[in-house]
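J.: Provided herewith: my_file_28.cif, mmCIF, C-alpha atoms.
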```cif
data_coords
loop_
_atom_site.label_atom_id
_atom_site.label_comp_id
_atom_site.auth_asym_id
_atom_site.auth_seq_id
_atom_site.Cartn_x
_atom_site.Cartn_y
_atom_site.Cartn_z
CA MET A 128 -41.80 -33.79 28.67
CA LEU A 129 -42.27 -30.01 28.57
CA PRO A 130 -43.80 -29.88 25.05
CA LEU A 131 -46.27 -32.53 26.19
CA ILE A 132 -47.30 -30.46 29.21
CA ARG A 133 -47.46 -27.24 27.17
CA ASN A 134 -49.70 -28.88 24.59
CA GLU A 135 -52.04 -30.08 27.31
CA VAL A 136 -52.37 -26.99 29.51
CA VAL A 137 -51.75 -24.14 27.02
CA GLU A 138 -53.10 -25.30 23.66
CA LYS A 139 -55.70 -27.94 24.45
CA ARG A 140 -57.21 -26.80 27.72
CA LYS A 141 -56.18 -23.11 27.60
CA TRP A 142 -55.66 -23.06 31.38
CA ILE A 143 -52.76 -20.62 31.22
CA THR A 144 -51.22 -18.39 28.55
CA SER A 145 -48.08 -19.28 26.64
CA SER A 146 -46.05 -16.50 28.31
CA ASP A 147 -47.26 -17.63 31.74
CA PHE A 148 -46.08 -21.12 30.88
CA THR A 149 -42.66 -19.80 29.88
CA ASP A 150 -42.45 -18.04 33.27
CA GLY A 151 -43.40 -21.36 34.82
CA ILE A 152 -40.49 -23.13 33.12
CA ALA A 153 -38.05 -20.49 34.34
CA VAL A 154 -39.36 -20.80 37.90
CA SER A 155 -39.33 -24.61 37.73
CA GLN A 156 -35.70 -24.61 36.65
CA SER A 157 -34.61 -22.25 39.39
CA VAL A 158 -35.85 -24.28 42.35
CA PRO A 159 -34.78 -27.83 43.28
CA GLY A 160 -36.89 -30.84 42.40
CA ALA A 161 -38.22 -32.62 39.35
CA ILE A 162 -39.16 -30.14 36.63
CA ALA A 163 -42.39 -31.98 35.68
CA LEU A 164 -43.68 -31.72 39.24
CA ASN A 165 -42.55 -28.12 39.60
CA ILE A 166 -44.37 -27.04 36.47
CA ALA A 167 -47.45 -28.94 37.68
CA ALA A 168 -47.33 -26.98 40.93
CA PHE A 169 -46.96 -23.71 39.01
CA VAL A 170 -49.84 -24.41 36.63
CA GLY A 171 -52.07 -25.65 39.47
CA ASN A 172 -51.29 -22.51 41.41
CA ARG A 173 -52.20 -20.28 38.46
CA ILE A 174 -55.53 -22.06 38.04
CA SER A 175 -56.70 -22.15 41.63
CA GLY A 176 -54.09 -21.20 44.20
CA ASN A 177 -52.35 -23.44 46.70
CA LEU A 178 -54.98 -26.14 46.60
CA GLY A 179 -54.74 -26.23 42.81
CA ALA A 180 -50.98 -26.70 43.11
CA ILE A 181 -51.35 -29.58 45.55
CA VAL A 182 -53.97 -31.31 43.39
CA ALA A 183 -51.80 -30.91 40.25
CA VAL A 184 -48.70 -32.29 42.01
CA ILE A 185 -50.61 -35.31 43.31
CA GLY A 186 -51.97 -35.89 39.81
CA SER A 187 -48.57 -35.80 38.17
CA ALA A 188 -46.80 -37.88 40.83
CA LEU A 189 -49.49 -40.55 41.09
CA PRO A 190 -48.69 -42.67 37.98
CA SER A 191 -45.03 -43.23 38.90
CA PHE A 192 -45.98 -43.65 42.56
CA ILE A 193 -48.38 -46.48 41.72
CA SER A 194 -45.88 -48.04 39.26
CA ILE A 195 -43.12 -48.08 41.87
CA VAL A 196 -45.38 -49.51 44.59
CA VAL A 197 -46.49 -52.33 42.26
CA ILE A 198 -42.89 -53.01 41.13
CA SER A 199 -41.72 -52.96 44.77
CA ILE A 200 -44.32 -55.53 45.79
CA PHE A 201 -43.06 -57.95 43.13
CA PHE A 202 -39.39 -57.06 43.39
CA LEU A 203 -39.18 -57.50 47.16
CA ARG A 204 -40.90 -60.87 46.87
CA PHE A 205 -38.75 -62.23 44.02
CA ARG A 206 -35.43 -60.44 44.45
CA GLU A 207 -33.62 -63.56 45.65
CA LEU A 208 -34.38 -65.42 42.39
CA SER A 209 -31.24 -65.82 40.33
CA MET A 210 -33.10 -64.53 37.26
CA VAL A 211 -33.94 -61.27 39.01
CA GLN A 212 -30.38 -60.99 40.31
CA GLY A 213 -29.05 -61.58 36.78
CA PHE A 214 -31.37 -58.93 35.37
CA PHE A 215 -30.13 -56.30 37.80
CA LYS A 216 -26.52 -57.34 37.36
CA GLY A 217 -26.97 -56.75 33.62
CA ALA A 218 -28.95 -53.52 33.92
CA THR A 219 -26.50 -51.81 36.31
CA PRO A 220 -23.64 -51.41 33.76
CA ALA A 221 -26.18 -49.89 31.35
CA ILE A 222 -27.00 -47.32 34.05
CA VAL A 223 -23.32 -46.40 34.16
CA ALA A 224 -23.53 -45.87 30.38
CA LEU A 225 -26.58 -43.65 30.89
CA LEU A 226 -24.80 -41.59 33.55
CA VAL A 227 -21.67 -41.16 31.40
CA GLY A 228 -23.91 -40.06 28.51
CA ALA A 229 -25.51 -37.45 30.78
CA ILE A 230 -22.06 -36.21 31.84
CA VAL A 231 -21.11 -35.77 28.16
CA ASP A 232 -24.37 -33.97 27.30
CA ILE A 233 -24.50 -31.66 30.31
CA GLY A 234 -20.72 -31.20 30.31
CA LYS A 235 -20.73 -29.82 26.75
CA ASP A 236 -22.91 -26.99 27.96
CA ALA A 237 -21.78 -26.63 31.57
CA LEU A 238 -18.00 -26.90 31.14
CA LYS A 239 -17.37 -24.31 28.47
CA GLY A 240 -14.63 -22.30 30.17
CA TYR A 241 -11.54 -23.38 32.11
CA LYS A 242 -13.08 -21.98 35.32
CA GLU A 243 -16.03 -24.36 35.07
CA ILE A 244 -13.73 -27.31 34.34
CA ILE A 245 -11.60 -26.50 37.39
CA ILE A 246 -14.69 -26.16 39.61
CA ALA A 247 -16.19 -29.45 38.37
CA THR A 248 -12.90 -31.35 38.70
CA GLY A 249 -12.21 -29.92 42.13
CA LEU A 250 -15.69 -30.79 43.40
CA LEU A 251 -15.44 -34.31 41.97
CA LEU A 252 -12.10 -34.88 43.73
CA LEU A 253 -13.58 -33.58 47.00
CA LEU A 254 -16.60 -35.88 46.60
CA LEU A 255 -14.55 -38.98 45.77
CA CYS A 256 -11.38 -38.56 47.84
CA LEU A 257 -12.59 -36.67 50.89
CA HIS A 258 -16.17 -38.04 50.80
CA MET A 259 -17.51 -34.51 50.94
CA HIS A 260 -21.27 -34.25 51.51
CA PRO A 261 -23.08 -33.73 48.15
CA VAL A 262 -24.98 -30.75 49.58
CA LEU A 263 -21.63 -29.02 50.10
CA ALA A 264 -20.84 -29.43 46.39
CA ILE A 265 -24.03 -27.50 45.58
CA VAL A 266 -23.33 -24.85 48.22
CA ILE A 267 -19.70 -24.34 47.10
CA ALA A 268 -20.75 -24.00 43.45
CA ALA A 269 -23.45 -21.47 44.39
CA ILE A 270 -20.99 -19.37 46.43
CA LEU A 271 -18.38 -19.53 43.64
CA GLY A 272 -21.10 -18.50 41.18
CA LEU A 273 -21.96 -15.42 43.19
CA PHE A 274 -18.27 -14.55 43.60
CA VAL A 275 -17.41 -15.00 39.91
CA ARG A 276 -20.47 -12.99 38.91
CA ARG A 277 -19.49 -10.08 41.09
CA GLN A 278 -16.11 -9.92 39.35
CA LEU A 279 -17.69 -9.50 35.92
CA MET B 294 -36.80 -45.76 61.38
CA THR B 295 -39.78 -43.61 62.22
CA PHE B 296 -42.07 -41.95 59.68
CA VAL B 297 -40.84 -38.56 60.89
CA GLN B 298 -37.22 -39.56 60.09
CA LEU B 299 -38.29 -40.91 56.71
CA PHE B 300 -40.14 -37.69 55.90
CA LEU B 301 -37.25 -35.45 56.99
CA ALA B 302 -34.63 -37.49 55.14
CA PHE B 303 -36.48 -37.12 51.87
CA ALA B 304 -37.40 -33.48 52.50
CA LYS B 305 -33.65 -32.84 52.82
CA ILE B 306 -33.01 -34.72 49.57
CA GLY B 307 -35.81 -32.76 47.86
CA LEU B 308 -34.42 -29.44 49.07
CA PHE B 309 -31.04 -30.03 47.42
CA ALA B 310 -32.24 -31.92 44.32
CA PHE B 311 -30.67 -29.53 41.82
CA GLY B 312 -29.75 -30.55 38.29
CA GLY B 313 -32.11 -33.48 37.82
CA GLY B 314 -32.41 -37.01 39.16
CA PHE B 315 -28.94 -38.22 38.18
CA ALA B 316 -27.29 -35.45 40.17
CA THR B 317 -29.43 -36.33 43.19
CA LEU B 318 -28.15 -39.93 43.40
CA PRO B 319 -25.03 -39.10 45.48
CA LEU B 320 -27.24 -37.26 47.99
CA ILE B 321 -29.65 -40.21 48.24
CA GLU B 322 -26.67 -42.56 48.71
CA ARG B 323 -25.18 -40.31 51.37
CA GLU B 324 -28.42 -40.02 53.35
CA ILE B 325 -29.96 -43.47 52.97
CA VAL B 326 -26.87 -45.72 52.74
CA ILE B 327 -24.03 -43.96 54.56
CA GLY B 328 -25.91 -41.70 56.98
CA LEU B 329 -29.02 -43.55 58.13
CA GLN B 330 -27.86 -46.99 56.91
CA TRP B 331 -31.36 -47.99 55.89
CA PHE B 332 -30.02 -49.54 52.65
CA SER B 333 -26.85 -51.53 51.97
CA HIS B 334 -24.61 -50.62 49.03
CA SER B 335 -26.02 -53.45 46.92
CA GLU B 336 -29.59 -52.45 47.81
CA PHE B 337 -28.69 -48.94 46.65
CA LEU B 338 -27.79 -50.33 43.22
CA GLU B 339 -31.21 -52.01 43.06
CA LEU B 340 -32.81 -48.73 44.11
CA VAL B 341 -31.03 -46.88 41.30
CA ALA B 342 -31.99 -49.53 38.73
CA ILE B 343 -35.66 -49.56 39.73
CA SER B 344 -35.82 -45.75 39.77
CA GLU B 345 -34.30 -45.59 36.27
CA LEU B 346 -36.43 -48.41 34.89
CA THR B 347 -39.71 -46.77 35.88
CA PRO B 348 -41.04 -43.73 34.03
CA GLY B 349 -41.20 -40.59 36.12
CA PRO B 350 -38.70 -38.45 38.02
CA ILE B 351 -35.84 -40.49 39.53
CA ALA B 352 -35.83 -38.78 42.92
CA ILE B 353 -39.58 -39.36 43.31
CA ASN B 354 -39.26 -42.99 42.23
CA ALA B 355 -36.39 -43.49 44.67
CA ALA B 356 -38.40 -41.95 47.52
CA THR B 357 -41.39 -44.17 46.79
CA PHE B 358 -39.20 -47.31 46.65
CA VAL B 359 -37.26 -46.56 49.84
CA GLY B 360 -40.48 -45.63 51.63
CA TYR B 361 -42.23 -48.80 50.51
CA LYS B 362 -39.36 -51.03 51.54
CA LEU B 363 -39.11 -49.46 54.99
CA GLY B 364 -42.74 -48.78 55.78
CA GLY B 365 -45.09 -50.24 53.20
CA VAL B 366 -47.59 -48.09 51.31
CA TRP B 367 -47.73 -45.50 54.11
CA GLY B 368 -43.96 -45.28 54.11
CA SER B 369 -43.90 -44.74 50.36
CA ALA B 370 -46.55 -42.01 50.59
CA ILE B 371 -44.65 -40.22 53.38
CA ALA B 372 -41.26 -40.41 51.63
CA THR B 373 -42.79 -39.20 48.35
CA MET B 374 -44.50 -36.27 50.08
CA GLY B 375 -41.23 -35.45 51.82
CA VAL B 376 -39.26 -35.28 48.58
CA CYS B 377 -41.94 -33.12 46.87
CA LEU B 378 -42.57 -30.68 49.73
CA PRO B 379 -39.52 -28.36 49.41
CA SER B 380 -39.83 -27.75 45.67
CA VAL B 381 -43.60 -27.30 45.77
CA THR B 382 -43.31 -24.84 48.65
CA LEU B 383 -40.58 -22.90 46.82
CA ILE B 384 -42.65 -22.85 43.60
CA LEU B 385 -45.61 -21.39 45.46
CA ILE B 386 -43.44 -18.72 47.10
CA VAL B 387 -41.70 -17.78 43.84
CA ALA B 388 -44.98 -17.82 41.86
CA HIS B 389 -46.39 -15.39 44.40
CA PHE B 390 -43.52 -12.92 43.95
CA LEU B 391 -42.97 -13.58 40.25
CA HIS B 392 -43.73 -10.06 39.03
CA ARG B 393 -40.84 -8.76 41.16
CA LEU B 394 -38.28 -11.21 39.81
CA GLU B 395 -37.75 -9.51 36.52
CA GLY B 396 -35.25 -11.11 34.20
CA ASN B 397 -35.03 -14.04 36.57
CA ILE B 398 -31.61 -13.06 37.91
CA TRP B 399 -31.55 -16.06 40.22
CA ALA B 400 -32.11 -18.55 37.42
CA ASP B 401 -29.55 -16.91 35.15
CA GLY B 402 -26.93 -16.43 37.83
CA VAL B 403 -26.76 -18.83 40.71
CA VAL B 404 -28.56 -21.80 39.16
CA ARG B 405 -26.33 -21.57 36.08
CA SER B 406 -23.28 -21.64 38.27
CA LEU B 407 -24.50 -24.89 39.84
CA ARG B 408 -23.96 -26.73 36.57
CA PRO B 409 -20.29 -27.66 37.15
CA ALA B 410 -21.44 -29.15 40.47
CA VAL B 411 -24.17 -31.07 38.64
CA VAL B 412 -21.53 -32.60 36.33
CA ALA B 413 -19.34 -33.47 39.33
CA LEU B 414 -22.28 -35.07 41.16
CA ILE B 415 -23.28 -37.21 38.18
CA ALA B 416 -19.64 -38.25 37.75
CA ALA B 417 -19.54 -39.22 41.44
CA ALA B 418 -22.71 -41.26 40.95
CA ALA B 419 -21.23 -42.97 37.87
CA TYR B 420 -18.05 -43.77 39.85
CA SER B 421 -20.02 -45.27 42.71
CA VAL B 422 -22.38 -47.33 40.53
CA ALA B 423 -19.53 -48.52 38.27
CA GLY B 424 -17.35 -49.44 41.26
CA ARG B 425 -19.90 -51.80 42.73
CA GLY B 426 -21.98 -52.64 39.66
CA ILE B 427 -19.34 -53.53 37.08
CA THR B 428 -17.57 -56.54 38.51
CA ASP B 429 -16.33 -58.55 35.53
CA ILE B 430 -15.67 -58.48 31.81
CA TRP B 431 -19.39 -58.94 31.04
CA GLY B 432 -20.19 -55.80 32.96
CA ILE B 433 -17.64 -53.87 30.93
CA ILE B 434 -19.02 -55.28 27.67
CA ILE B 435 -22.63 -54.40 28.60
CA ALA B 436 -21.61 -50.88 29.69
CA VAL B 437 -19.66 -50.17 26.49
CA ALA B 438 -22.35 -51.66 24.23
CA SER B 439 -25.12 -49.71 26.02
CA PHE B 440 -23.11 -46.51 25.73
CA ALA B 441 -22.57 -47.05 22.00
CA VAL B 442 -26.28 -47.70 21.40
CA LEU B 443 -27.40 -44.73 23.52
CA ARG B 444 -25.02 -42.35 21.72
CA THR B 445 -25.72 -43.46 18.17
CA ARG B 446 -29.46 -44.12 18.15
CA LYS B 447 -32.50 -42.21 19.30
CA ILE B 448 -33.78 -44.89 21.61
CA ASN B 449 -35.68 -44.86 24.90
CA PRO B 450 -33.07 -45.45 27.66
CA ILE B 451 -35.51 -47.71 29.51
CA LEU B 452 -35.42 -50.08 26.51
CA VAL B 453 -31.63 -50.16 26.67
CA LEU B 454 -31.76 -50.95 30.40
CA ILE B 455 -34.25 -53.77 29.86
CA THR B 456 -32.14 -55.23 27.04
CA ALA B 457 -29.05 -55.03 29.26
CA GLY B 458 -31.02 -56.76 32.02
CA ILE B 459 -32.01 -59.58 29.68
CA ALA B 460 -28.37 -59.88 28.61
CA GLY B 461 -27.56 -60.13 32.33
CA ILE B 462 -30.01 -63.01 32.78
CA ILE B 463 -28.41 -64.86 29.84
CA VAL B 464 -24.84 -64.24 30.97
CA TYR B 465 -25.17 -64.77 34.70
CA LEU B 466 -27.75 -67.56 34.93
#
```
Can I see the file as structure tokens?
T.:
Amino acid sequence: MLPLIRNEVVEKRKWITSSDFTDGIAVSQSVPGAIALNIAAFVGNRISGNLGAIVAVIGSALPSFISIVVISIFFLRFRELSMVQGFFKGATPAIVALLVGAIVDIGKDALKGYKEIIIATGLLLLLLCLHMHPVLAIVIAAILGLFVRRQL
Amino acid sequence: MTFVQLFLAFAKIGLFAFGGGFATLPLIEREIVIGLQWFSHSEFLELVAISELTPGPIAINAATFVGYKLGGVWGSAIATMGVCLPSVTLILIVAHFLHRLEGNIWADGVVRSLRPAVVALIAAAAYSVAGRGITDIWGIIIAVASFAVLRTRKINPILVLITAGIAGIIVYL
């Protein structure tokens, strides 16, 4: 996704410089939200301020927005059909496979030390057993991050 | 459900959408299924499947789908704007002060330390989807086969999901 955007806005259209774009990636990764939309907001902002950001975000969100609306129209009309039910019943286990794959990929990088493994396991147990709010998992990890950092 | 509630629910989701769409699923489930009870657990599985099957960011897709189901095209527009607003606002603020954030201490420090939480959140999502979505031996077979294909071949995940869906039609019809 990012090479595609870089090619379009840096190389082809020369809207922003390569180092500006790299800053944009860093900023996009440090705030919540989808990275493609964040980088759109950043590039739009660099080109023409807040309005540019809004226009760029609308532009990058519009294709999936329209796709989902069209799919919703059909899905909500035909969801009771046994074929549609069967499709979703088959696709759902594949989503589990996708999620487990993401855990493996991100885990390789994110769970390098024993501290990280303890934090991840602890948060998972809190989420599953005590039904902790997901926002709390983020907040606890952020606080632990600050604390661990200060020790170094 | 009012449009204000819809907007605020997704603004809250957007504000804490760290670590990508997968990691946001538990938050969407908590807000939309458990908290506001706009969706049932089985409707949540459909929401996840549709969000994954459509290109584009998962959290945005989920917002559009929930919004459409609850309030038509206007609902989908409001939910989508809600989920985008926090990150766009933060981007504009950070972009404004960028020259002062040398070395990007925030990105290197705090956001890095969120990664164990991201793994835990995705694992919680996998647990929830597997618990309700894998109900028999066919589900297990499809999950294992999909995992094997995804790990051994460079293949678009959407293609794997569609193939699994077709397998589902054959098996369950």
J.: For this structure, which residues satisfy the selection - the PyMOL selection byres ((chain A and resi 194) around 12) - when it is evaluated on the file as given? I want them as a list in words.
T.: Ala188, Leu189, Pro190, Ser191, Phe192, Ile193, Ile195, Val196, Val197, Ile198, Ser199, Ile200, Phe201 and Phe202 of chain A; Ile343, Ser344, Leu346, Thr347, Pro348, Gly349, Ile353, Asn354, Ala355, Thr357, Phe358, Tyr361 and Ser369 of chain B
J.: Leaving out Ile152 in chain A and any residue of its chain fewer than 5 positions from it, which residues lie within 10 Å of it when counting only C-alpha atoms, given as a short mmCIF file (atom, residue, chain, number, x, y, z; two decimals) with C-alpha atoms, in the coordinates of the input?
T.:
```cif
data_model
loop_
_atom_site.label_atom_id
_atom_site.label_comp_id
_atom_site.auth_asym_id
_atom_site.auth_seq_id
_atom_site.Cartn_x
_atom_site.Cartn_y
_atom_site.Cartn_z
CA LEU A 129 -42.27 -30.01 28.57
CA SER A 146 -46.05 -16.50 28.31
CA ASP A 147 -47.26 -17.63 31.74
CA SER A 157 -34.61 -22.25 39.39
CA ILE A 162 -39.16 -30.14 36.63
CA ALA A 163 -42.39 -31.98 35.68
CA ASN A 165 -42.55 -28.12 39.60
CA ILE A 166 -44.37 -27.04 36.47
CA PHE A 169 -46.96 -23.71 39.01
#
```
J.: The PyMOL selection byres ((chain B and resi 370) around 9) on the file shown: which residues, as a count of residues only?
T.: 15
J.: Since I can't run it myself right now, could you work out what the PyMOL selection byres ((chain B and resi 443) around 12) selects here and report it as number ranges by chain?
T.: A: 221-229, 231-232; B: 435-442, 444-454, 457
J.: Could you list, as an MDAnalysis selection string, every residue within 9 Å of range 254-262 of chain A, counting all atoms listed in the file and ignoring same-chain residues fewer than 3 positions away?
T.: (chainID A and resid 249:251 265:267) or (chainID B and resid 306 309 317 319:320 323 413:414 417 420:421)
J.: Work out how far CA of Phe215 in chain A is from CA of Gly458 in chain B, in Å to one decimal.
T.: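 Going from CA of Gly458 in chain B over to CA of Phe215 in chain A, I get 5.9 Å.
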J.: Just give me the gap between CA of Ala167 in chain A and CA of Ala237 in chain A in Å, one decimal is fine.
T.: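 CA of Ala167 in chain A sits 26.5 Å away from CA of Ala237 in chain A.
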J.: What gap, in Å, lies between CA of Leu164 in chain A and CA of Ile321 in chain B?
T.: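 CA of Ile321 in chain B lies 18.7 Å from CA of Leu164 in chain A.
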J.: Choose the residue, out of B:Trp431, B:Ile325, B:Thr456, B:Phe311, that has the smallest atom-to-atom separation from chain A; count all atoms listed in the file.
T.: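 The answer is B:Phe311, which sits nearest to chain A.
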J.: Please determine, counting only C-alpha atoms, which residue among A:Thr219, A:Lys242, A:Pro159, A:Leu273 has the shortest atom-to-atom distance to Leu340 in chain B.
T.: A:Thr219
J.: Taking only C-alpha atoms into account, name the residue in B:Pro409, B:Gly307, B:Gly313, B:Pro350 that is nearest to Ala268 in chain A.
T.: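 Answer, going by the shortest atom-to-atom distance: B:Pro409.
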